[in-house]
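J.: Pasting a structure here, questions to come.
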Amino acid sequence: MPAATLPPARTPGQYAVALVCLGNICRSPMADVVLSDRVAAAGLADRVTVESCGTGDWHVGRRMDHRAAATLTSAGYNATRHRAQQLDDSWAERFDVLLAMDASNLAGTRSAASADGGAGERALLFRTFDPVDPGGEVPDPYYGGDSGFEEVLAMVERTTEVIVAALEQVLGSSGDRRGDRS
Ligand code: 4NP
C-alpha cells in the first residue's frame with residue numbers, strides 16, 4: 001500500500017496541522033505535544049505550526065486532563081502549555097490538514113469545513129498515518145483507566161513518525177526549500 005500523503009500546502013514552504021478530538025483535554029492535546037516535539041526535533045519548527053481543538057465547548061481555556069498530562073510527563077514531554085480550544089469554521093480556513101481522532105470528530109470537522117464553504121477534503125482521520133493499523137480511530141480514554149492513556153500515547157507516537165515524514169515530503173515538494181531560494 002502506498003504511504004499516505006498530506007494535502008498540498010496552501011502557502012509554499014509552510015504547513016499548518018490541526019488535531020481535533022471531542023473535549024480537547026485528552027487525545028488531541030497529547031497528539032499536539034508529541035507532534036510539536038517531533039517537528040522541532042526534525043528542524044521544521046519554523047515551517048510547521050501545530051494546534052489542537054475539540055468539537056465540544058465544555059473545557060475551553062482549561063489545562064489538559066491530569067491523566068493525559070501525567071502520561072506525557074512520565075514519557076518525558078512538557079504537558080504544561082496546553083489550554084483547550086473549540087473548533088469553529090475558521091479552523092478549516094487556517095489549516096492545511098485537520099486530523100480527527102475518531103469518526104465522530106471527523107464528521108464534526110467536515111461539517112465545520114463545509115459551513116466555511118470548503119469541501120472538507122483537508123479533514124482526515126489522524127490514524128490514516130498509523131504504520132501498524134492504518135485508518136482506525138484513537139479511542140476516547142476519558143471514561144476509562146490509566147491504561148487507555150498509555151494506549152493513546154503509543155498510537156500517537158508511532159503515527160506521528162509517519163506524519164513528520166509526510167510533512168518533510170509535502171514541504172520538499174512545495175518548491176520553497178531552505179537554501180533553494182535564489
Ligand atoms: P478528548 O476526551 O476528546 O480526547 O479530549 C474527552 C474529554 C472530555 C469529554 C469527553 C471526551 N467530556 O465529555 O467532557
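Chains: A, B, ... in order of the C-alpha cells. Residues: from 1 per chain. Ligands: from 1, in order shown.
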Within 7 Å of ligand 1, counting only C-alpha atoms and all ligand atoms, which protein or nucleic acid residues do you find, written as a ChimeraX atom specification?

T.: /A:21-28,54,58,140-142

J.: The selected residues should be written to file as a PDB file, in the first residue's frame (atoms: N, CA, C and O atoms).

T.:
```
ATOM      1  N   CYS A  21     -10.237  16.527  18.574  1.00  0.00           N
ATOM      2  CA  CYS A  21     -10.954  15.464  19.288  1.00  0.00           C
ATOM      3  C   CYS A  21     -12.270  16.047  19.818  1.00  0.00           C
ATOM      4  O   CYS A  21     -12.787  17.025  19.260  1.00  0.00           O
ATOM      5  N   LEU A  22     -12.822  15.477  20.860  1.00  0.00           N
ATOM      6  CA  LEU A  22     -14.118  15.952  21.368  1.00  0.00           C
ATOM      7  C   LEU A  22     -13.931  17.074  22.398  1.00  0.00           C
ATOM      8  O   LEU A  22     -14.459  18.171  22.248  1.00  0.00           O
ATOM      9  N   GLY A  23     -13.166  16.799  23.446  1.00  0.00           N
ATOM     10  CA  GLY A  23     -13.058  17.766  24.541  1.00  0.00           C
ATOM     11  C   GLY A  23     -11.817  18.634  24.518  1.00  0.00           C
ATOM     12  O   GLY A  23     -11.723  19.619  25.244  1.00  0.00           O
ATOM     13  N   ASN A  24     -10.826  18.256  23.688  1.00  0.00           N
ATOM     14  CA  ASN A  24      -9.501  18.921  23.622  1.00  0.00           C
ATOM     15  C   ASN A  24      -8.809  18.966  24.985  1.00  0.00           C
ATOM     16  O   ASN A  24      -8.112  19.928  25.314  1.00  0.00           O
ATOM     17  N   ILE A  25      -8.995  17.882  25.759  1.00  0.00           N
ATOM     18  CA  ILE A  25      -8.230  17.768  27.004  1.00  0.00           C
ATOM     19  C   ILE A  25      -7.485  16.433  27.105  1.00  0.00           C
ATOM     20  O   ILE A  25      -6.666  16.257  28.003  1.00  0.00           O
ATOM     21  N   CYS A  26      -7.769  15.477  26.201  1.00  0.00           N
ATOM     22  CA  CYS A  26      -7.074  14.175  26.269  1.00  0.00           C
ATOM     23  C   CYS A  26      -6.315  13.869  24.972  1.00  0.00           C
ATOM     24  O   CYS A  26      -5.100  14.049  24.892  1.00  0.00           O
ATOM     25  N   ARG A  27      -7.021  13.385  23.943  1.00  0.00           N
ATOM     26  CA  ARG A  27      -6.341  12.832  22.773  1.00  0.00           C
ATOM     27  C   ARG A  27      -5.627  13.875  21.913  1.00  0.00           C
ATOM     28  O   ARG A  27      -4.433  13.721  21.626  1.00  0.00           O
ATOM     29  N   SER A  28      -6.358  14.916  21.470  1.00  0.00           N
ATOM     30  CA  SER A  28      -5.682  15.858  20.558  1.00  0.00           C
ATOM     31  C   SER A  28      -4.598  16.674  21.264  1.00  0.00           C
ATOM     32  O   SER A  28      -3.583  16.990  20.637  1.00  0.00           O
ATOM     33  N   GLY A  54     -11.164  20.936  20.220  1.00  0.00           N
ATOM     34  CA  GLY A  54     -12.223  19.957  20.399  1.00  0.00           C
ATOM     35  C   GLY A  54     -13.484  20.424  19.692  1.00  0.00           C
ATOM     36  O   GLY A  54     -13.693  21.629  19.512  1.00  0.00           O
ATOM     37  N   TRP A  58     -16.997  22.271  26.405  1.00  0.00           N
ATOM     38  CA  TRP A  58     -17.051  22.137  27.866  1.00  0.00           C
ATOM     39  C   TRP A  58     -15.786  22.579  28.578  1.00  0.00           C
ATOM     40  O   TRP A  58     -15.819  23.024  29.715  1.00  0.00           O
ATOM     41  N   ASP A 140     -11.484   7.051  22.783  1.00  0.00           N
ATOM     42  CA  ASP A 140     -11.606   8.093  23.809  1.00  0.00           C
ATOM     43  C   ASP A 140     -11.263   7.499  25.178  1.00  0.00           C
ATOM     44  O   ASP A 140     -11.956   6.597  25.651  1.00  0.00           O
ATOM     45  N   PRO A 141     -10.199   7.996  25.846  1.00  0.00           N
ATOM     46  CA  PRO A 141      -9.793   7.408  27.129  1.00  0.00           C
ATOM     47  C   PRO A 141     -10.466   8.061  28.335  1.00  0.00           C
ATOM     48  O   PRO A 141     -10.228   7.651  29.471  1.00  0.00           O
ATOM     49  N   TYR A 142     -11.334   9.063  28.105  1.00  0.00           N
ATOM     50  CA  TYR A 142     -11.808   9.940  29.183  1.00  0.00           C
ATOM     51  C   TYR A 142     -12.528   9.187  30.294  1.00  0.00           C
ATOM     52  O   TYR A 142     -12.337   9.462  31.471  1.00  0.00           O
TER      53      TYR A 142
END
```

J.: So that each row is one residue of segment 38-111 of chain A with an atom at most 7 Å from segment 148-169 of chain A, can you give its shortest atom pair and the distance in Å to one decimal, using only C-alpha atoms, rows by chain and rising number, as a tab-separated table?

T.:
```
residue	atom	partner	partner_atom	distance
A:Val39	CA	A:Val164	CA	6.6
A:Ala68	CA	A:Phe149	CA	6.1
A:Thr71	CA	A:Glu150	CA	6.6
```

J.: I'd like the interatomic distance between atom CA of Val170 of chain A and atom CA of Pro7 of chain A, to a tenth of an Å.

T.: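 One can read the atom CA of Val170 of chain A to atom CA of Pro7 of chain A distance as 7.9 Å.
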
J.: As a PyMOL selection string, please: every residue in chain A that DSSP puts in strand (DSSP E or B).

T.: chain A and resi 15-21+48-54+86+97-100+123-125
